[in-house]
file data18.txt (compact mmCIF, C-alpha atoms)
# COMPACT_ATOMS: atom_id res chain seq x y z
CA MET L 1061 23.62 -1.04 26.08
CA ARG L 1062 20.14 0.23 25.19
CA LEU L 1063 19.32 -3.11 23.55
CA ARG L 1064 20.39 -5.03 26.65
CA SER L 1065 18.27 -2.76 28.89
CA TRP L 1066 15.27 -3.21 26.59
CA LEU L 1067 15.60 -7.01 26.66
CA ILE L 1068 15.83 -7.02 30.45
CA GLY L 1069 12.77 -4.80 30.66
CA LEU L 1070 10.85 -7.07 28.28
CA LEU L 1071 11.54 -10.08 30.48
CA LEU L 1072 10.87 -8.47 33.83
CA ALA L 1073 7.97 -6.17 32.95
CA PRO L 1074 5.24 -8.63 34.08
CA LEU L 1075 6.90 -9.16 37.45
CA PRO L 1076 5.68 -7.10 40.43
CA VAL L 1077 8.67 -5.22 41.80
CA ALA L 1078 7.20 -3.84 45.01
CA ALA L 1079 5.99 -7.03 46.66
CA ALA L 1080 9.43 -8.11 47.84
CA GLN L 1081 10.17 -4.69 49.39
CA VAL L 1082 6.93 -3.91 51.24
CA ALA L 1083 5.06 -6.02 53.76
CA PRO L 1084 2.15 -7.53 51.77
CA ASP L 1085 -0.45 -6.78 54.45
CA SER L 1086 0.36 -3.05 54.22
CA LEU L 1087 -0.51 -2.93 50.52
CA PRO L 1088 -4.01 -2.36 49.14
CA LEU L 1089 -5.59 -5.59 47.92
CA ALA L 1090 -5.46 -4.40 44.30
CA GLN L 1091 -1.63 -4.32 44.45
CA ARG L 1092 -1.02 -7.61 46.19
CA SER L 1093 0.77 -10.59 44.77
CA ILE L 1094 2.32 -13.72 46.21
CA PHE L 1095 6.05 -14.34 45.76
CA SER L 1096 7.20 -17.96 46.05
CA VAL L 1097 10.27 -20.09 45.44
CA GLY L 1098 10.02 -23.66 44.22
CA LEU L 1099 12.00 -26.83 43.63
CA ALA L 1100 10.84 -29.83 41.58
CA GLY L 1101 12.27 -33.10 40.31
CA HIS L 1102 11.64 -34.28 36.72
CA TYR L 1103 11.67 -37.78 35.25
CA GLY L 1104 10.59 -38.88 31.78
CA PHE L 1105 11.58 -40.50 28.50
CA VAL L 1106 12.98 -39.35 25.17
CA PHE L 1107 10.55 -39.62 22.26
CA ALA L 1108 12.51 -41.11 19.31
CA HIS L 1109 10.36 -39.56 16.60
CA ALA L 1110 12.51 -40.32 13.54
CA ALA L 1111 14.82 -43.04 12.27
CA ASP L 1112 17.88 -40.77 12.63
CA VAL L 1113 17.32 -40.44 16.40
CA GLU L 1114 16.73 -44.13 17.15
CA ASN L 1115 19.96 -44.02 19.15
CA THR L 1116 18.10 -41.98 21.79
CA ARG L 1117 15.32 -44.52 22.31
CA GLY L 1118 15.16 -45.88 25.86
CA SER L 1119 16.79 -42.80 27.39
CA ARG L 1120 15.24 -41.69 30.70
CA PRO L 1121 16.01 -38.01 31.30
CA ARG L 1122 15.94 -36.75 34.86
CA GLY L 1123 16.45 -33.29 36.24
CA LEU L 1124 15.96 -30.70 38.95
CA ARG L 1125 14.12 -27.40 38.44
CA ALA L 1126 14.39 -24.26 40.61
CA GLU L 1127 12.00 -21.36 40.06
CA LEU L 1128 10.96 -17.90 41.21
CA VAL L 1129 7.17 -17.46 41.05
CA TRP L 1130 4.91 -14.41 41.20
CA GLN L 1131 1.14 -14.90 41.45
CA ARG L 1132 -1.22 -11.99 40.83
CA ILE L 1133 -4.31 -11.94 43.08
CA ASP L 1134 -5.70 -8.45 42.47
CA GLU L 1135 -9.22 -7.57 41.35
CA ARG L 1136 -8.14 -6.36 37.90
CA THR L 1137 -6.40 -9.64 37.11
CA TRP L 1138 -9.44 -11.62 38.28
CA GLN L 1139 -11.75 -9.59 36.08
CA ALA L 1140 -9.46 -10.14 33.09
CA CYS L 1141 -9.19 -13.94 33.19
CA THR L 1142 -11.30 -15.26 36.14
CA CYS L 1143 -8.10 -16.78 37.49
CA TYR L 1144 -4.97 -15.88 39.46
CA PRO L 1145 -2.09 -16.41 36.98
CA ARG L 1146 1.47 -17.18 37.90
CA ASN L 1147 4.58 -16.15 36.01
CA GLY L 1148 8.25 -16.40 36.76
CA LEU L 1149 11.74 -17.57 35.99
CA GLN L 1150 12.93 -21.17 35.96
CA ILE L 1151 16.22 -23.02 35.57
CA THR L 1152 16.37 -26.79 35.03
CA ALA L 1153 19.43 -29.03 35.03
CA MET L 1154 18.80 -32.16 32.89
CA ASP L 1155 20.68 -35.41 32.50
CA TYR L 1156 19.42 -36.98 29.26
CA ASP L 1157 20.66 -40.44 30.26
CA ASN L 1158 22.44 -40.87 26.91
CA PRO L 1159 26.09 -40.19 26.03
CA VAL L 1160 25.07 -38.92 22.59
CA LEU L 1161 22.72 -36.27 24.04
CA GLY L 1162 24.77 -35.40 27.12
CA HIS L 1163 23.36 -32.86 29.57
CA GLY L 1164 21.32 -29.69 29.35
CA LEU L 1165 20.65 -26.52 31.33
CA ASN L 1166 17.30 -24.91 30.45
CA VAL L 1167 16.84 -21.28 31.49
CA GLY L 1168 13.52 -19.63 30.78
CA TYR L 1169 10.37 -17.71 31.57
CA PHE L 1170 6.92 -19.22 32.14
CA LEU L 1171 3.28 -18.15 32.14
CA GLU L 1172 0.78 -20.21 34.11
CA PRO L 1173 -2.96 -19.46 34.32
CA ASN L 1174 -4.06 -20.89 37.67
CA PHE L 1175 -7.65 -21.95 38.36
CA ARG L 1176 -8.94 -22.68 41.86
CA LEU L 1177 -10.83 -25.98 42.23
CA THR L 1178 -11.23 -26.00 46.03
CA PRO L 1179 -9.84 -23.72 48.79
CA GLY L 1180 -6.61 -25.76 48.81
CA VAL L 1181 -6.36 -27.20 45.29
CA SER L 1182 -5.77 -25.45 41.97
CA LEU L 1183 -5.29 -26.52 38.35
CA SER L 1184 -2.85 -24.80 36.00
CA LEU L 1185 -1.63 -24.76 32.41
CA ARG L 1186 2.01 -23.72 31.96
CA GLY L 1187 3.79 -22.52 28.85
CA SER L 1188 7.57 -22.09 29.11
CA PHE L 1189 10.16 -20.73 26.72
CA GLY L 1190 13.84 -19.93 26.97
CA ILE L 1191 17.34 -21.12 26.10
CA ALA L 1192 18.81 -24.62 26.34
CA PHE L 1193 22.54 -24.91 26.93
CA LEU L 1194 23.49 -28.38 25.61
CA SER L 1195 26.75 -30.17 26.36
CA ASN L 1196 27.34 -32.51 23.40
CA PRO L 1197 26.25 -31.15 19.99
CA TYR L 1198 26.80 -32.92 16.70
CA HIS L 1199 30.42 -32.96 15.53
CA PRO L 1200 31.66 -34.93 12.50
CA VAL L 1201 34.50 -36.42 14.58
CA ARG L 1202 33.64 -36.16 18.28
CA ASN L 1203 29.89 -36.88 18.12
CA PRO L 1204 28.85 -37.89 14.57
CA THR L 1205 25.67 -39.78 15.57
CA ASN L 1206 23.91 -36.87 17.28
CA SER L 1207 21.09 -35.95 14.88
CA SER L 1208 19.06 -34.22 17.62
CA TYR L 1209 20.99 -30.95 17.87
CA SER L 1210 24.06 -29.32 16.37
CA LEU L 1211 24.51 -26.10 18.38
CA PRO L 1212 25.49 -25.78 22.06
CA VAL L 1213 22.83 -23.07 22.54
CA SER L 1214 19.30 -23.81 21.31
CA ALA L 1215 15.70 -22.82 21.95
CA TYR L 1216 13.69 -24.45 24.74
CA LEU L 1217 9.88 -24.81 24.72
CA ALA L 1218 7.50 -26.69 27.05
CA LEU L 1219 3.78 -27.03 27.63
CA GLY L 1220 2.36 -28.70 30.71
CA LEU L 1221 -0.66 -29.32 32.91
CA GLY L 1222 -0.38 -29.39 36.68
CA THR L 1223 -2.04 -29.15 40.05
CA SER L 1224 -1.06 -27.48 43.30
CA VAL L 1225 -2.15 -28.70 46.75
CA ARG L 1226 -1.70 -26.30 49.68
CA LEU L 1227 -0.26 -28.13 52.69
CA THR L 1228 0.16 -25.11 55.00
CA PRO L 1229 -0.21 -21.34 54.46
CA ARG L 1230 3.38 -21.30 53.16
CA TRP L 1231 3.98 -24.74 51.63
CA SER L 1232 2.30 -26.31 48.59
CA LEU L 1233 2.84 -29.63 46.83
CA THR L 1234 3.01 -29.41 43.02
CA LEU L 1235 2.37 -32.26 40.57
CA SER L 1236 2.62 -31.81 36.80
CA GLY L 1237 3.24 -33.39 33.44
CA GLN L 1238 4.82 -31.54 30.53
CA TYR L 1239 6.05 -32.05 26.98
CA GLU L 1240 9.49 -30.47 26.54
CA HIS L 1241 11.42 -29.67 23.37
CA ALA L 1242 14.91 -28.36 22.61
CA SER L 1243 16.24 -27.56 19.14
CA ASN L 1244 17.93 -24.76 17.24
CA GLY L 1245 14.85 -24.02 15.12
CA GLY L 1246 16.51 -25.00 11.86
CA LEU L 1247 19.45 -22.58 12.13
CA GLN L 1248 21.90 -25.43 11.56
CA GLU L 1249 21.60 -29.12 10.69
CA PRO L 1250 21.19 -31.71 12.13
CA ASN L 1251 18.18 -30.40 13.99
CA LEU L 1252 15.65 -33.15 14.69
CA GLY L 1253 15.40 -31.90 18.27
CA ILE L 1254 15.10 -33.51 21.69
CA ASN L 1255 11.47 -34.28 22.53
CA TYR L 1256 10.88 -35.62 26.01
CA PRO L 1257 7.68 -35.85 28.09
CA THR L 1258 8.35 -35.65 31.84
CA ALA L 1259 6.44 -35.86 35.09
CA SER L 1260 7.45 -33.71 38.05
CA VAL L 1261 6.88 -33.49 41.79
CA GLY L 1262 7.89 -30.44 43.78
CA LEU L 1263 7.38 -28.04 46.65
CA LEU L 1264 6.48 -24.35 46.49
CA TYR L 1265 7.26 -22.02 49.41
CA ALA L 1266 5.35 -18.72 49.71
CA VAL L 1267 7.65 -16.00 51.04
CA ASN L 1268 4.66 -13.71 51.70
CA PRO L 1269 1.64 -16.00 52.24
CA VAL L 1270 -1.13 -13.51 51.45
CA PRO L 1271 -4.59 -15.17 51.65
CA ILE L 1272 -6.04 -15.70 48.17
CA PRO L 1273 -9.34 -13.83 48.01
CA VAL L 1274 -12.56 -15.53 46.95
CA ARG L 1275 -14.35 -13.50 44.31
CA GLU L 1276 -17.52 -13.99 42.33
CA ARG L 1277 -17.27 -14.70 38.65
CA PRO L 1278 -17.97 -11.65 36.48
CA SER L 1279 -21.60 -11.76 35.40
CA GLY L 1280 -21.13 -10.08 32.03
CA ARG L 1281 -19.81 -11.74 28.90
CA ASN L 1282 -18.19 -8.67 27.42
CA PHE L 1283 -15.76 -10.69 25.31
CA ARG L 1284 -18.65 -11.90 23.14
CA HIS L 1285 -19.26 -8.33 22.01
CA ARG L 1286 -15.66 -7.52 21.21
CA ARG L 1287 -14.85 -7.14 17.55
CA PRO L 1288 -12.24 -9.45 15.98
CA ARG L 1289 -8.57 -8.53 16.23
CA PHE L 1290 -6.53 -8.38 13.03
CA ASP L 1291 -2.76 -8.97 12.96
CA GLY L 1292 -0.36 -8.24 10.14
CA TYR L 1293 3.18 -9.46 10.68
CA GLY L 1294 6.60 -9.92 9.17
CA PHE L 1295 9.00 -12.68 10.17
CA GLY L 1296 12.44 -13.96 9.32
CA THR L 1297 15.38 -16.18 10.15
CA ALA L 1298 18.45 -17.69 8.48
CA ARG L 1299 19.45 -21.34 8.26
CA THR L 1300 21.79 -23.74 6.48
CA ALA L 1301 20.71 -25.99 3.63
CA ARG L 1302 22.38 -29.11 5.04
CA ARG L 1303 24.17 -30.14 8.21
CA GLY L 1304 27.69 -28.94 8.72
CA GLU L 1305 27.61 -26.28 6.00
CA PRO L 1306 28.76 -22.75 6.92
CA THR L 1307 26.50 -20.78 4.56
CA ARG L 1308 23.14 -19.55 5.84
CA TYR L 1309 20.22 -18.55 3.62
CA PHE L 1310 17.39 -16.15 4.34
CA LEU L 1311 13.91 -17.47 5.10
CA GLY L 1312 11.08 -15.05 5.86
CA GLY L 1313 7.86 -13.46 4.76
CA LEU L 1314 4.55 -11.84 5.64
CA GLY L 1315 1.30 -13.06 7.19
CA PHE L 1316 -2.17 -11.99 8.22
CA THR L 1317 -4.39 -13.41 11.00
CA ALA L 1318 -7.93 -12.69 12.19
CA SER L 1319 -8.66 -13.55 15.84
CA LYS L 1320 -12.06 -13.81 17.56
CA GLN L 1321 -12.21 -14.12 21.33
CA VAL L 1322 -14.50 -16.96 22.47
CA GLY L 1323 -13.67 -17.08 26.19
CA LYS L 1324 -11.91 -15.21 28.96
CA LEU L 1325 -8.57 -16.70 27.93
CA SER L 1326 -9.26 -18.17 24.48
CA ALA L 1327 -9.57 -17.01 20.89
CA LEU L 1328 -9.94 -18.80 17.55
CA THR L 1329 -7.88 -17.71 14.57
CA LEU L 1330 -7.89 -17.88 10.77
CA GLY L 1331 -4.81 -16.83 8.85
CA THR L 1332 -2.60 -17.01 5.80
CA GLU L 1333 1.11 -16.50 5.20
CA ALA L 1334 3.61 -16.44 2.34
CA PHE L 1335 7.36 -16.70 2.75
CA ALA L 1336 10.52 -16.97 0.69
CA ASP L 1337 12.45 -20.18 1.40
CA PHE L 1338 15.98 -19.84 0.03
CA PRO L 1339 17.51 -22.79 2.00
CA SER L 1340 15.05 -25.15 0.29
CA LEU L 1341 15.70 -23.46 -3.06
CA GLU L 1342 19.39 -24.25 -2.66
CA LEU L 1343 18.60 -27.93 -2.05
CA ALA L 1344 16.31 -28.01 -5.10
CA ARG L 1345 19.03 -26.44 -7.27
CA ARG L 1346 21.46 -29.20 -6.28
CA GLU L 1347 18.91 -31.72 -7.56
CA GLY L 1348 18.60 -29.94 -10.90
CA ASN L 1349 15.41 -27.98 -10.16
CA GLU L 1350 14.80 -24.29 -9.60
CA PRO L 1351 11.24 -23.65 -8.43
CA VAL L 1352 9.88 -20.32 -7.25
CA PRO L 1353 11.34 -19.96 -3.70
CA LEU L 1354 7.96 -19.60 -2.07
CA ARG L 1355 5.67 -21.39 0.35
CA VAL L 1356 2.08 -20.24 0.94
CA GLY L 1357 -0.04 -21.59 3.80
CA LEU L 1358 -3.58 -21.37 5.18
CA MET L 1359 -4.02 -21.81 8.94
CA LEU L 1360 -6.64 -22.45 11.62
CA GLY L 1361 -5.66 -21.98 15.22
CA HIS L 1362 -6.21 -21.12 18.86
CA GLU L 1363 -4.75 -18.51 21.19
CA PHE L 1364 -4.34 -18.28 24.94
CA LEU L 1365 -4.82 -14.61 25.87
CA LEU L 1366 -2.57 -13.95 28.87
CA GLY L 1367 -2.56 -10.22 29.43
CA LYS L 1368 0.22 -8.70 27.34
CA TYR L 1369 1.17 -12.17 26.08
CA VAL L 1370 -0.48 -14.32 23.42
CA PHE L 1371 0.43 -18.03 23.19
CA SER L 1372 -0.73 -19.37 19.81
CA GLN L 1373 -1.11 -22.80 18.22
CA GLN L 1374 -1.94 -23.18 14.52
CA LEU L 1375 -2.50 -26.05 12.09
CA GLY L 1376 -1.66 -25.17 8.50
CA VAL L 1377 -1.87 -26.63 5.01
CA TYR L 1378 0.23 -25.47 2.09
CA ALA L 1379 -1.70 -23.89 -0.77
CA TYR L 1380 1.60 -23.66 -2.66
CA ASN L 1381 4.69 -25.74 -1.85
CA PRO L 1382 7.06 -26.71 -4.69
CA TYR L 1383 9.40 -28.69 -2.43
CA PRO L 1384 8.77 -32.48 -2.27
CA PHE L 1385 10.73 -32.91 0.96
CA PHE L 1386 7.98 -31.25 3.07
CA ASP L 1387 4.63 -32.67 4.17
CA ARG L 1388 1.66 -30.64 2.99
CA VAL L 1389 0.42 -30.21 6.58
CA TYR L 1390 2.40 -28.28 9.18
CA HIS L 1391 1.88 -26.75 12.63
CA ARG L 1392 3.05 -23.56 14.33
CA TRP L 1393 3.61 -22.63 17.98
CA GLY L 1394 4.29 -19.06 19.00
CA LEU L 1395 4.49 -16.46 21.74
CA THR L 1396 4.17 -12.69 21.30
CA ARG L 1397 4.21 -9.78 23.74
CA ARG L 1398 2.51 -6.42 23.26
CA VAL L 1399 4.97 -3.52 23.51
CA GLY L 1400 2.51 -0.63 23.05
CA GLY L 1401 0.85 1.29 20.26
CA GLY L 1402 -0.66 -1.81 18.69
CA TRP L 1403 2.75 -3.44 18.19
CA ALA L 1404 3.99 -6.80 19.46
CA VAL L 1405 7.19 -8.84 19.17
CA GLY L 1406 7.74 -12.55 19.52
CA PHE L 1407 8.89 -15.81 18.03
CA ASN L 1408 7.23 -18.77 16.30
CA LEU L 1409 8.21 -22.36 15.54
CA LEU L 1410 7.12 -24.14 12.33
CA ALA L 1411 7.27 -27.95 12.31
CA HIS L 1412 6.27 -30.87 10.12
CA ARG L 1413 5.00 -33.73 12.29
CA GLN L 1414 7.60 -34.04 15.09
CA VAL L 1415 10.45 -32.29 13.22
CA ALA L 1416 11.09 -28.56 13.66
CA ASN L 1417 11.67 -26.77 10.35
CA PHE L 1418 12.57 -23.26 11.56
CA LEU L 1419 12.19 -20.79 14.41
CA ASP L 1420 11.49 -17.21 13.35
CA LEU L 1421 11.46 -13.81 15.02
CA ARG L 1422 8.53 -11.54 14.19
CA LEU L 1423 7.11 -8.06 14.43
CA VAL L 1424 3.29 -7.81 14.68
CA ARG L 1425 0.93 -4.88 14.09
CA SER L 1426 -2.60 -5.28 15.51
CA TRP L 1427 -5.77 -3.31 14.93
call {"tool": "encode", "arguments": {"input": "data18.txt", "output": "structure tokens"}}
result
Amino acid sequence: MRLRSWLIGLLLAPLPVAAAQVAPDSLPLAQRSIFSVGLAGHYGFVFAHAADVENTRGSRPRGLRAELVWQRIDERTWQACTCYPRNGLQITAMDYDNPVLGHGLNVGYFLEPNFRLTPGVSLSLRGSFGIAFLSNPYHPVRNPTNSSYSLPVSAYLALGLGTSVRLTPRWSLTLSGQYEHASNGGLQEPNLGINYPTASVGLLYAVNPVPIPVRERPSGRNFRHRRPRFDGYGFGTARTARRGEPTRYFLGGLGFTASKQVGKLSALTLGTEAFADFPSLELARREGNEPVPLRVGLMLGHEFLLGKYVFSQQLGVYAYNPYPFFDRVYHRWGLTRRVGGGWAVGFNLLAHRQVANFLDLRLVRSW
């Protein structure tokens, strides 16, 4: 029960709880936020990124997204990022236009820094993560040609760029493009994932249309004088060696990252990591080899600093990799949330080219 309460608190902590109960004009400006509801239609195409998913080529996924949106417009938020960020909950029903892939229901949370271009137009960058409920996973009899996913519940990630045009004080038109991904993060094979860029058009309705204040940009550049942040972390997961096998093997390790803030919302990173890879060791044993079950990587990257959240992107190269079935270059995408006392929790996806290798959970200590 305590774990469930903690998870609910982790999800809802960024959301202002008072705005829906109190008339917004009666609140001090520093406490105000705008609560909105939105609806958007999606249309795109499936990216057939490997020979095993050629049977998805030509698919045109379409869907409908509903969302609850909170936008912070207080002075403290403005000083932190020179923007008025949005965050919220979204649910998207997708038809993948392919009997092999079936349908999906994506439920998740999003963060969206929002930058004003003119009094009625804003530009935003949205990162979304959550759970994908998928209708037709791989099955050796019922659906043997689905190499995209093998579990009915998988991870969902998306990154997009959009614009919002205010039509009236309450109504706004939203236009965006995003790259969306669903896979089980290597927990079970097959796991090549569904990769599908989409474009969307929607409407956003402000329940409490508080005027967005116009503020001057902070004159100081305090971030330039901040010392680097150092992160030590441990991570882990478990996955099968090959598709359809019941046995899972541990995969996990330790890492270290140095981060230097270079903008209000941006930081550059340099890091290294080492992890034990027992699923790959099992595959090597079956081929008559038994290397040290270790991979060591060096990484350069970037972070979006979004309050208590950090959205990271890293490009890595293996300094040690005894497994010939992996490219030497890889990339990582992650999200962590500070939970107090210098600690953070989150998840991270490692991929080679367009193929996800594994999704790990991690505990981070910063100083």
call {"tool": "closest_residue", "arguments": {"input": "data18.txt", "among": "L:Ser1208, L:Ser1224, L:Gln1321, L:Thr1396", "to": "Ala1416 in chain L", "atoms": "all atoms listed in the file"}}
result
L:Ser1208
call {"tool": "residues_around", "arguments": {"input": "data18.txt", "residues": "range 1239-1251 of chain L", "least_positions_apart": "5", "cutoff": "7 Å", "atoms": "only C-alpha atoms", "output": "PyMOL selection string"}}
result
chain L and resi 1192+1207-1211+1214-1220+1256-1258+1298-1300+1302-1304+1409+1416-1419
call {"tool": "atom_distance", "arguments": {"input": "data18.txt", "atom1": "CA of Phe1105 in chain L", "atom2": "CA of Asn1166 in chain L"}}
result
16.7 Å
call {"tool": "closest_residue", "arguments": {"input": "data18.txt", "among": "L:Ile1094, L:Leu1358, L:Val1415, L:Phe1407", "to": "Phe1386 in chain L", "atoms": "only C-alpha atoms"}}
result
L:Val1415
call {"tool": "closest_residue", "arguments": {"input": "data18.txt", "among": "L:Val1405, L:Ala1411, L:Leu1183, L:Leu1360", "to": "Arg1388 in chain L", "atoms": "all atoms listed in the file"}}
result
L:Ala1411
call {"tool": "residues_near_point", "arguments": {"input": "data18.txt", "point": "(-2.3, -14.7, 35.5)", "cutoff": "7 Å", "atoms": "all atoms listed in the file", "output": "list in words"}}
result
Gln1131, Arg1132, Thr1137, Cys1143, Tyr1144, Pro1145, Arg1146, Glu1172, Pro1173, Asn1174 and Leu1366 of chain L
call {"tool": "closest_residue", "arguments": {"input": "data18.txt", "among": "L:Ser1260, L:Asn1115, L:Ser1326, L:Gln1414", "to": "Ser1236 in chain L", "atoms": "all atoms listed in the file"}}
result
L:Ser1260
call {"tool": "closest_residue", "arguments": {"input": "data18.txt", "among": "L:Val1167, L:Leu1177, L:Val1399, L:Ala1108", "to": "Gly1253 in chain L", "atoms": "all atoms listed in the file"}}
result
L:Ala1108
call {"tool": "residues_around", "arguments": {"input": "data18.txt", "residues": "Gly1222 in chain L", "least_positions_apart": "4", "cutoff": "9 Å", "atoms": "only C-alpha atoms", "output": "PyMOL selection string"}}
result
chain L and resi 1182-1186+1234-1238
call {"tool": "residues_around", "arguments": {"input": "data18.txt", "residues": "range 1332-1347 of chain L", "least_positions_apart": "5", "cutoff": "8 Å", "atoms": "only C-alpha atoms", "output": "list in words"}}
result
Arg1299, Thr1300, Ala1301, Arg1308, Tyr1309, Phe1310, Leu1311, Gly1312, Gly1313, Leu1314, Gly1315, Phe1316, Thr1317, Val1352, Pro1353, Leu1354, Arg1355, Val1356, Gly1357, Leu1358, Met1359 and Tyr1383 of chain L
call {"tool": "write_last_selection", "arguments": {"input": "data18.txt", "atoms": "C-alpha atoms", "output": "short mmCIF file (atom, residue, chain, number, x, y, z; two decimals), keeping the file's coordinate frame"}}
result
data_model
loop_
_atom_site.label_atom_id
_atom_site.label_comp_id
_atom_site.auth_asym_id
_atom_site.auth_seq_id
_atom_site.Cartn_x
_atom_site.Cartn_y
_atom_site.Cartn_z
CA ARG L 1299 19.45 -21.34 8.26
CA THR L 1300 21.79 -23.74 6.48
CA ALA L 1301 20.71 -25.99 3.63
CA ARG L 1308 23.14 -19.55 5.84
CA TYR L 1309 20.22 -18.55 3.62
CA PHE L 1310 17.39 -16.15 4.34
CA LEU L 1311 13.91 -17.47 5.10
CA GLY L 1312 11.08 -15.05 5.86
CA GLY L 1313 7.86 -13.46 4.76
CA LEU L 1314 4.55 -11.84 5.64
CA GLY L 1315 1.30 -13.06 7.19
CA PHE L 1316 -2.17 -11.99 8.22
CA THR L 1317 -4.39 -13.41 11.00
CA VAL L 1352 9.88 -20.32 -7.25
CA PRO L 1353 11.34 -19.96 -3.70
CA LEU L 1354 7.96 -19.60 -2.07
CA ARG L 1355 5.67 -21.39 0.35
CA VAL L 1356 2.08 -20.24 0.94
CA GLY L 1357 -0.04 -21.59 3.80
CA LEU L 1358 -3.58 -21.37 5.18
CA MET L 1359 -4.02 -21.81 8.94
CA TYR L 1383 9.40 -28.69 -2.43
#
call {"tool": "build_atoms", "arguments": {"input": "data18.txt", "residues": "range 1112-1129 of chain L", "atoms": "N, CA and C atoms", "output": "PDB file, keeping the file's coordinate frame"}}
result
ATOM      1  N   ASP L1112      16.539 -41.291  12.352  1.00  0.00           N
ATOM      2  CA  ASP L1112      17.880 -40.770  12.630  1.00  0.00           C
ATOM      3  C   ASP L1112      18.151 -40.552  14.112  1.00  0.00           C
ATOM      4  N   VAL L1113      17.109 -40.609  14.953  1.00  0.00           N
ATOM      5  CA  VAL L1113      17.320 -40.440  16.400  1.00  0.00           C
ATOM      6  C   VAL L1113      16.960 -41.717  17.164  1.00  0.00           C
ATOM      7  N   GLU L1114      16.988 -42.858  16.472  1.00  0.00           N
ATOM      8  CA  GLU L1114      16.730 -44.130  17.150  1.00  0.00           C
ATOM      9  C   GLU L1114      17.754 -44.399  18.239  1.00  0.00           C
ATOM     10  N   ASN L1115      18.940 -43.799  18.128  1.00  0.00           N
ATOM     11  CA  ASN L1115      19.960 -44.020  19.150  1.00  0.00           C
ATOM     12  C   ASN L1115      19.636 -43.331  20.470  1.00  0.00           C
ATOM     13  N   THR L1116      18.530 -42.581  20.525  1.00  0.00           N
ATOM     14  CA  THR L1116      18.100 -41.980  21.790  1.00  0.00           C
ATOM     15  C   THR L1116      16.968 -42.754  22.454  1.00  0.00           C
ATOM     16  N   ARG L1117      16.435 -43.758  21.748  1.00  0.00           N
ATOM     17  CA  ARG L1117      15.320 -44.520  22.310  1.00  0.00           C
ATOM     18  C   ARG L1117      15.746 -45.222  23.595  1.00  0.00           C
ATOM     19  N   GLY L1118      14.872 -45.244  24.574  1.00  0.00           N
ATOM     20  CA  GLY L1118      15.160 -45.880  25.860  1.00  0.00           C
ATOM     21  C   GLY L1118      15.815 -44.960  26.866  1.00  0.00           C
ATOM     22  N   SER L1119      16.173 -43.743  26.457  1.00  0.00           N
ATOM     23  CA  SER L1119      16.790 -42.800  27.390  1.00  0.00           C
ATOM     24  C   SER L1119      15.739 -42.297  28.384  1.00  0.00           C
ATOM     25  N   ARG L1120      16.133 -42.143  29.634  1.00  0.00           N
ATOM     26  CA  ARG L1120      15.240 -41.690  30.700  1.00  0.00           C
ATOM     27  C   ARG L1120      15.787 -40.414  31.331  1.00  0.00           C
ATOM     28  N   PRO L1121      15.482 -39.261  30.750  1.00  0.00           N
ATOM     29  CA  PRO L1121      16.010 -38.010  31.300  1.00  0.00           C
ATOM     30  C   PRO L1121      15.472 -37.722  32.689  1.00  0.00           C
ATOM     31  N   ARG L1122      16.316 -37.156  33.502  1.00  0.00           N
ATOM     32  CA  ARG L1122      15.940 -36.750  34.860  1.00  0.00           C
ATOM     33  C   ARG L1122      16.574 -35.392  35.135  1.00  0.00           C
ATOM     34  N   GLY L1123      15.907 -34.608  35.979  1.00  0.00           N
ATOM     35  CA  GLY L1123      16.450 -33.290  36.240  1.00  0.00           C
ATOM     36  C   GLY L1123      15.878 -32.647  37.473  1.00  0.00           C
ATOM     37  N   LEU L1124      16.384 -31.459  37.779  1.00  0.00           N
ATOM     38  CA  LEU L1124      15.960 -30.700  38.950  1.00  0.00           C
ATOM     39  C   LEU L1124      15.700 -29.262  38.498  1.00  0.00           C
ATOM     40  N   ARG L1125      14.515 -28.741  38.844  1.00  0.00           N
ATOM     41  CA  ARG L1125      14.120 -27.400  38.440  1.00  0.00           C
ATOM     42  C   ARG L1125      13.965 -26.490  39.656  1.00  0.00           C
ATOM     43  N   ALA L1126      14.584 -25.314  39.594  1.00  0.00           N
ATOM     44  CA  ALA L1126      14.390 -24.260  40.610  1.00  0.00           C
ATOM     45  C   ALA L1126      13.669 -23.100  39.934  1.00  0.00           C
ATOM     46  N   GLU L1127      12.790 -22.411  40.684  1.00  0.00           N
ATOM     47  CA  GLU L1127      12.000 -21.360  40.060  1.00  0.00           C
ATOM     48  C   GLU L1127      11.659 -20.252  41.053  1.00  0.00           C
ATOM     49  N   LEU L1128      11.479 -19.056  40.499  1.00  0.00           N
ATOM     50  CA  LEU L1128      10.960 -17.900  41.210  1.00  0.00           C
ATOM     51  C   LEU L1128       9.577 -17.625  40.628  1.00  0.00           C
ATOM     52  N   VAL L1129       8.561 -17.504  41.505  1.00  0.00           N
ATOM     53  CA  VAL L1129       7.170 -17.460  41.050  1.00  0.00           C
ATOM     54  C   VAL L1129       6.471 -16.241  41.635  1.00  0.00           C
TER      55      VAL L1129
END
